[in-house]
Amino acid sequence: MEPALNTPSSDRDEMERKFDSTWTIARKKFFKRKLAVISLLFLLFIITLSFLAPYITSEDISRIDMANINQEPSNEHWFGTDRNGRDVFTRTLYGGRVSLTIGLTSMLFVTFIGSIIGSIAGFFGGWIDDLFMRFTDFVLTLPFYVFVIVLNAIMIGFGKVTGMWSLIIVFSLLGWGSVARIVRSKILAEKENEYVLAATSIGSKPSKVIMKHLIPNVMTTIIVQATLLLATYIVAEAGLSFIGVGVPPEIPSWGNMLMEARQTDALQNKLWIWIPPAVCITLTILSINFFGEGLKDAFDPKRKK
Amino acid sequence: MLAYTLRRLFSMIPLLILVSVVVFSLAHLMPGDPFSGEIDPNNTSTDYIEEMREKLGYNDPITVQYKRWVTNFVQGDLGKSTTYKKPVLDVIVERLPNTIFLALAALIITYILAFILGMYSGRKPYTVGDNLIATFNYTGIAIPQYIIAIVAIYFFAFQLGWLPSNGSVTPGLEEGTFAYWNDRMLHVILPAITLGLFSTASYTQFLRNDIIQNSEMDYVRSARARGTSESHIYNQHILRNSIIPLVTFFGFDLATLIGGAIITETIFTYPGIGMLFIDSVNTRDYPVVMSLTLLFSLLTLVGNLVSDLLYGVVDPRIRY
């Protein structure tokens, strides 16, 4: 007989509520944090706007219009035009698309590579762990910006990939170290649990134990780390493009738009050209950070509220 | 301590070899002639290139080439810059003092500011002043360096006209005079603040939290019980304990400064090795790019070594 059938329905609700999954608890805790929720909404807003850019404006981003250069913001051009007569509002939207694509894709690749390397090292231990972790340490000692710039220059030099993908590949090759380290340490602790022993003893393959049992249990850590990486790569893309070694100048990205501010005249007198990308980058980074903090607290079982 | 230092020094050797192999392989992937800079990039005749490649030994086995490159590098022969038409070493040495000056200025500003702000926040936590400092820290950590740099140039150089926005010194000033050094100081302030802002913010926050943690310790309570004055407790007892971890950050600063110097110097067109690096990437001056890549990697390794050793000095328990 099912004992639960005998309990009154209100008690049953109570019991069911007690067994909320990690994700439900986290979601409830997350939505109590105003700043984190506002940040999430802003991020969704800016992502939607950027990826729907072709449906929002009909302006051509590459067309050079010499009749309308350096115009101040007006009804026709909401954010004005730049020194080639291109609409700054349109370019901000398209630039966001490039910057966010680079950030999100690099984040996915880096998290994927890092989780695999970290979980293999942590699960198997022994010489595999030693080998993988020494390699990780080595990748982490390389100065990130220097190697990104050099590798990116080499990749673009070969001409096989376009500027956007070149940057994504380079970020992925050089960035996975921190994820691998964190995932490894989490897996090391997690694999001591009985359920892993049980899974292994009934003959589950290591790959299955890792993918089905271990990864889901360290997922929260991976997600928090991934949000931080998203901010890192958006900052890095814009910074590199800004100094002229990132995305090629013909592709609009927030960093490339910011490059206009390196000309004294634009920086001093034509604020409308560089303020939109600067504000977009700043607000996006701030929201990602607040969102990440919110997630971290929401996933932390020690925090009650 | 000596054994630990030696062990740590020996563990550098495989890393050094790996780094040199990686940089060597990257150089091999670079187009043109990144090792010596002797092949004229504008002469595209295949006979000429083939002849030069044979002469410079690019057809030798790869291990022989690697050995030659390492030997040359150790002896200070880094090849010839294709842009400046002179040895790479000379080009780098010319720019290096500027970067060292900038890095030192950034470090001094960072540590002084972090010290003052952190002490204040730690002593008076959860007050208006502490909250203001916390906001400043959050801004400094979250907002990218280059955006802060642009805004700083806009306000301090253009709107207020207090500070110059580019270069390292006004041309025409006689070297060694007071006016010359004063001018250099003025030129370095904005880049140095931008470069040091991130570290300032993180160190301030670190010092604050450490002071608050220490102020709840038993030794502080017993000092209070003996009637020691508050300022004595904070300035003598707590500070001594809290300042120690901060010292060990010094090594990591090297790595942060390298990445930061590349961007900051380029924004302020400050002629140091960071800007040289970017210029060389853009002009495809690969001998310079390669030498600087190796130099930056070595500096980062040294930085990690320094902070590990400092950890050992500060915390005698660390002896692995």
# chains A, B, ... in the order shown; residues from 1 in each chain; ligands from 1
$ select_by_dssp --residues "stretch 40-143 of chain B" --states "alpha helix (DSSP H)" --output "number ranges by chain"
B: 46-56, 62-74, 88-123, 128-142
$ closest_atom_pairs --of "chain A" --to "chain B" --cutoff "9 Å" --atoms "only C-alpha atoms" --output "CSV"
residue,atom,partner,partner_atom,distance
A:Phe138,CA,B:Leu15,CA,7.1
A:Thr141,CA,B:Leu301,CA,6.7
A:Leu142,CA,B:Ser297,CA,5.9
A:Pro143,CA,B:Ser297,CA,6.1
A:Phe144,CA,B:Gly259,CA,7.3
A:Tyr145,CA,B:Gly259,CA,5.6
A:Val146,CA,B:Thr293,CA,6.4
A:Phe147,CA,B:Thr293,CA,7.4
A:Ile149,CA,B:Val281,CA,8.0
A:Val150,CA,B:Val281,CA,7.6
A:Leu151,CA,B:Leu26,CA,7.6
A:Ala153,CA,B:Val281,CA,7.2
A:Ile154,CA,B:Met30,CA,5.9
A:Gly157,CA,B:Pro31,CA,7.4
A:Phe158,CA,B:Pro31,CA,8.5
A:Ala231,CA,B:Ala142,CA,8.9
A:Val235,CA,B:Pro144,CA,6.3
A:Ala236,CA,B:Pro144,CA,8.8
A:Gly239,CA,B:Tyr146,CA,6.7
A:Leu240,CA,B:Ile263,CA,7.9
A:Phe242,CA,B:Tyr146,CA,8.3
A:Ile243,CA,B:Thr266,CA,6.6
A:Gly244,CA,B:Asn282,CA,8.0
A:Val245,CA,B:Asn282,CA,7.4
A:Leu258,CA,B:Ile147,CA,8.7
A:Ala261,CA,B:Ile150,CA,7.4
A:Arg262,CA,B:Ile267,CA,7.0
A:Leu267,CA,B:Tyr154,CA,6.7
A:Gln268,CA,B:Tyr154,CA,6.4
A:Ala278,CA,B:Ile147,CA,6.4
A:Val279,CA,B:Ile147,CA,9.0
A:Ile281,CA,B:Pro144,CA,8.4
A:Thr282,CA,B:Ile143,CA,5.8
A:Leu283,CA,B:Ile143,CA,8.7
A:Ile285,CA,B:Ala142,CA,6.6
A:Leu286,CA,B:Ala142,CA,6.1
A:Asn289,CA,B:Ala142,CA,7.3
$ write_last_selection --atoms "N, CA and C atoms" --output "short mmCIF file (atom, residue, chain, number, x, y, z; two decimals), in the first residue's frame"
data_model
loop_
_atom_site.label_atom_id
_atom_site.label_comp_id
_atom_site.auth_asym_id
_atom_site.auth_seq_id
_atom_site.Cartn_x
_atom_site.Cartn_y
_atom_site.Cartn_z
N PHE A 138 50.49 24.39 -18.26
CA PHE A 138 51.32 25.03 -19.26
C PHE A 138 50.50 26.02 -20.09
N THR A 141 49.94 29.17 -18.30
CA THR A 141 51.05 30.12 -18.08
C THR A 141 51.30 31.00 -19.30
N LEU A 142 50.79 30.59 -20.48
CA LEU A 142 51.02 31.44 -21.65
C LEU A 142 50.24 32.73 -21.50
N PRO A 143 50.89 33.88 -21.75
CA PRO A 143 50.14 35.15 -21.67
C PRO A 143 49.02 35.17 -22.71
N PHE A 144 47.77 35.25 -22.22
CA PHE A 144 46.59 35.06 -23.07
C PHE A 144 46.56 36.01 -24.27
N TYR A 145 46.62 37.31 -24.01
CA TYR A 145 46.47 38.28 -25.09
C TYR A 145 47.56 38.14 -26.14
N VAL A 146 48.79 37.91 -25.68
CA VAL A 146 49.91 37.80 -26.62
C VAL A 146 49.69 36.65 -27.58
N PHE A 147 49.33 35.49 -27.04
CA PHE A 147 49.17 34.32 -27.91
C PHE A 147 47.91 34.42 -28.76
N ILE A 149 46.79 37.16 -30.03
CA ILE A 149 47.13 38.06 -31.14
C ILE A 149 47.99 37.34 -32.18
N VAL A 150 49.01 36.60 -31.71
CA VAL A 150 49.90 35.92 -32.64
C VAL A 150 49.15 34.84 -33.43
N LEU A 151 48.41 33.98 -32.71
CA LEU A 151 47.69 32.90 -33.39
C LEU A 151 46.66 33.46 -34.37
N ALA A 153 46.79 36.30 -35.92
CA ALA A 153 47.48 36.84 -37.09
C ALA A 153 47.86 35.70 -38.04
N ILE A 154 48.33 34.59 -37.47
CA ILE A 154 48.71 33.45 -38.30
C ILE A 154 47.49 32.88 -39.03
N GLY A 157 46.37 35.10 -41.67
CA GLY A 157 47.38 35.04 -42.72
C GLY A 157 47.15 33.87 -43.66
N PHE A 158 46.70 32.73 -43.11
CA PHE A 158 46.43 31.57 -43.96
C PHE A 158 45.21 31.79 -44.84
N ALA A 231 31.70 36.93 -20.41
CA ALA A 231 32.14 38.31 -20.22
C ALA A 231 33.57 38.48 -20.69
N VAL A 235 34.78 41.04 -23.74
CA VAL A 235 35.79 42.08 -23.45
C VAL A 235 37.01 41.89 -24.36
N ALA A 236 37.46 40.64 -24.50
CA ALA A 236 38.67 40.39 -25.28
C ALA A 236 38.44 40.71 -26.75
N GLY A 239 38.31 44.45 -27.19
CA GLY A 239 39.62 45.05 -26.95
C GLY A 239 40.57 44.81 -28.12
N LEU A 240 40.59 43.58 -28.62
CA LEU A 240 41.49 43.26 -29.72
C LEU A 240 41.08 43.99 -31.00
N PHE A 242 39.45 46.70 -31.13
CA PHE A 242 39.67 48.13 -30.86
C PHE A 242 41.10 48.53 -31.21
N ILE A 243 42.08 47.69 -30.87
CA ILE A 243 43.46 48.06 -31.21
C ILE A 243 43.87 47.51 -32.58
N GLY A 244 42.89 46.98 -33.32
CA GLY A 244 43.14 46.65 -34.72
C GLY A 244 43.71 45.28 -34.99
N VAL A 245 43.65 44.35 -34.02
CA VAL A 245 44.18 43.02 -34.27
C VAL A 245 43.13 41.93 -34.03
N LEU A 258 34.30 50.92 -31.88
CA LEU A 258 35.00 51.70 -30.86
C LEU A 258 36.31 52.26 -31.42
N ALA A 261 36.98 55.83 -32.11
CA ALA A 261 37.34 56.76 -31.02
C ALA A 261 38.84 56.95 -30.93
N ARG A 262 39.61 56.19 -31.69
CA ARG A 262 41.05 56.41 -31.64
C ARG A 262 41.45 57.62 -32.47
N LEU A 267 36.76 61.25 -31.21
CA LEU A 267 36.70 61.11 -29.76
C LEU A 267 36.25 62.42 -29.12
N GLN A 268 36.75 63.52 -29.65
CA GLN A 268 36.48 64.81 -29.02
C GLN A 268 35.13 65.40 -29.40
N ALA A 278 30.42 51.71 -26.79
CA ALA A 278 31.00 51.71 -25.45
C ALA A 278 29.94 51.38 -24.41
N VAL A 279 28.76 52.00 -24.54
CA VAL A 279 27.69 51.75 -23.58
C VAL A 279 27.20 50.30 -23.70
N ILE A 281 28.86 47.64 -24.69
CA ILE A 281 29.83 46.71 -24.09
C ILE A 281 29.72 46.77 -22.57
N THR A 282 29.76 48.01 -22.03
CA THR A 282 29.74 48.16 -20.58
C THR A 282 28.50 47.53 -19.96
N LEU A 283 27.33 47.86 -20.52
CA LEU A 283 26.09 47.33 -19.94
C LEU A 283 26.03 45.81 -20.06
N ILE A 285 28.56 43.69 -20.22
CA ILE A 285 29.50 43.07 -19.27
C ILE A 285 28.95 43.15 -17.85
N LEU A 286 28.43 44.33 -17.49
CA LEU A 286 27.87 44.48 -16.13
C LEU A 286 26.73 43.48 -15.92
N ASN A 289 27.96 40.00 -15.45
CA ASN A 289 28.53 39.82 -14.11
C ASN A 289 27.44 39.68 -13.05
#
$ residues_around --residues "A:Asp137" --least-positions-apart "3" --cutoff "10 Å" --atoms "only C-alpha atoms" --output "CSV table (one decimal) with N, CA, C and O atoms, in the first residue's frame"
chain,number,residue,atom,x,y,z
A,132,PHE,N,47.5,15.4,-18.1
A,132,PHE,CA,46.5,16.4,-18.5
A,132,PHE,C,46.7,17.7,-17.8
A,132,PHE,O,46.6,18.8,-18.3
A,133,MET,N,47.0,17.6,-16.5
A,133,MET,CA,47.0,18.8,-15.7
A,133,MET,C,48.3,19.6,-15.9
A,133,MET,O,48.3,20.8,-15.8
A,134,ARG,N,49.4,18.8,-16.1
A,134,ARG,CA,50.7,19.6,-16.5
A,134,ARG,C,50.4,20.4,-17.7
A,134,ARG,O,50.9,21.5,-17.9
A,140,LEU,N,47.9,27.5,-19.2
A,140,LEU,CA,47.5,28.7,-18.4
A,140,LEU,C,48.7,29.7,-18.2
A,140,LEU,O,48.5,30.8,-17.9
A,141,THR,N,49.9,29.2,-18.3
A,141,THR,CA,51.0,30.1,-18.1
A,141,THR,C,51.3,31.0,-19.3
A,141,THR,O,52.0,32.0,-19.2
A,142,LEU,N,50.8,30.6,-20.5
A,142,LEU,CA,51.0,31.4,-21.7
A,142,LEU,C,50.2,32.7,-21.5
A,142,LEU,O,49.1,32.7,-21.1
A,177,GLY,N,41.8,26.2,-20.1
A,177,GLY,CA,42.5,25.8,-18.9
A,177,GLY,C,41.8,26.0,-17.6
A,177,GLY,O,41.7,25.1,-16.8
A,178,SER,N,41.2,27.2,-17.4
A,178,SER,CA,40.6,27.4,-16.1
A,178,SER,C,39.4,26.5,-15.9
A,178,SER,O,39.2,26.0,-14.8
A,180,ALA,N,39.0,23.5,-17.1
A,180,ALA,CA,39.5,22.1,-16.9
A,180,ALA,C,39.9,22.0,-15.4
A,180,ALA,O,39.6,21.0,-14.8
A,181,ARG,N,40.6,23.0,-14.9
A,181,ARG,CA,41.1,22.9,-13.5
A,181,ARG,C,39.9,22.8,-12.6
A,181,ARG,O,39.9,22.0,-11.6
B,15,LEU,N,59.3,23.8,-18.5
B,15,LEU,CA,58.4,24.9,-19.0
B,15,LEU,C,59.1,25.8,-20.0
B,15,LEU,O,58.5,26.1,-21.0
$ closest_residue --among "B:Gln65, B:Asn182, B:Asn166, B:Ser81" --to "B:Val288" --atoms "only C-alpha atoms"
B:Ser81
$ closest_atom_pairs --of "stretch 97-151 of chain B" --to "stretch 204-213 of chain B" --cutoff "8 Å" --atoms "only C-alpha atoms" --output "CSV"
residue,atom,partner,partner_atom,distance
B:Leu113,CA,B:Thr204,CA,7.8
B:Ala114,CA,B:Thr204,CA,4.5
B:Phe115,CA,B:Thr204,CA,6.8
B:Leu117,CA,B:Thr204,CA,6.1
B:Gly118,CA,B:Thr204,CA,4.4
B:Met119,CA,B:Arg208,CA,6.4
B:Tyr120,CA,B:Arg208,CA,7.9
B:Ser121,CA,B:Arg208,CA,5.6
B:Gly122,CA,B:Arg208,CA,4.1
B:Arg123,CA,B:Ile212,CA,7.2
B:Pro125,CA,B:Ile212,CA,7.6
B:Ala134,CA,B:Gln205,CA,7.3
B:Asn137,CA,B:Gln205,CA,6.9
$ residues_around --residues "stretch 51-55 of chain A" --least-positions-apart "5" --cutoff "7 Å" --atoms "only C-alpha atoms" --output "list in words"
Leu93, Tyr94 and Arg97 of chain A
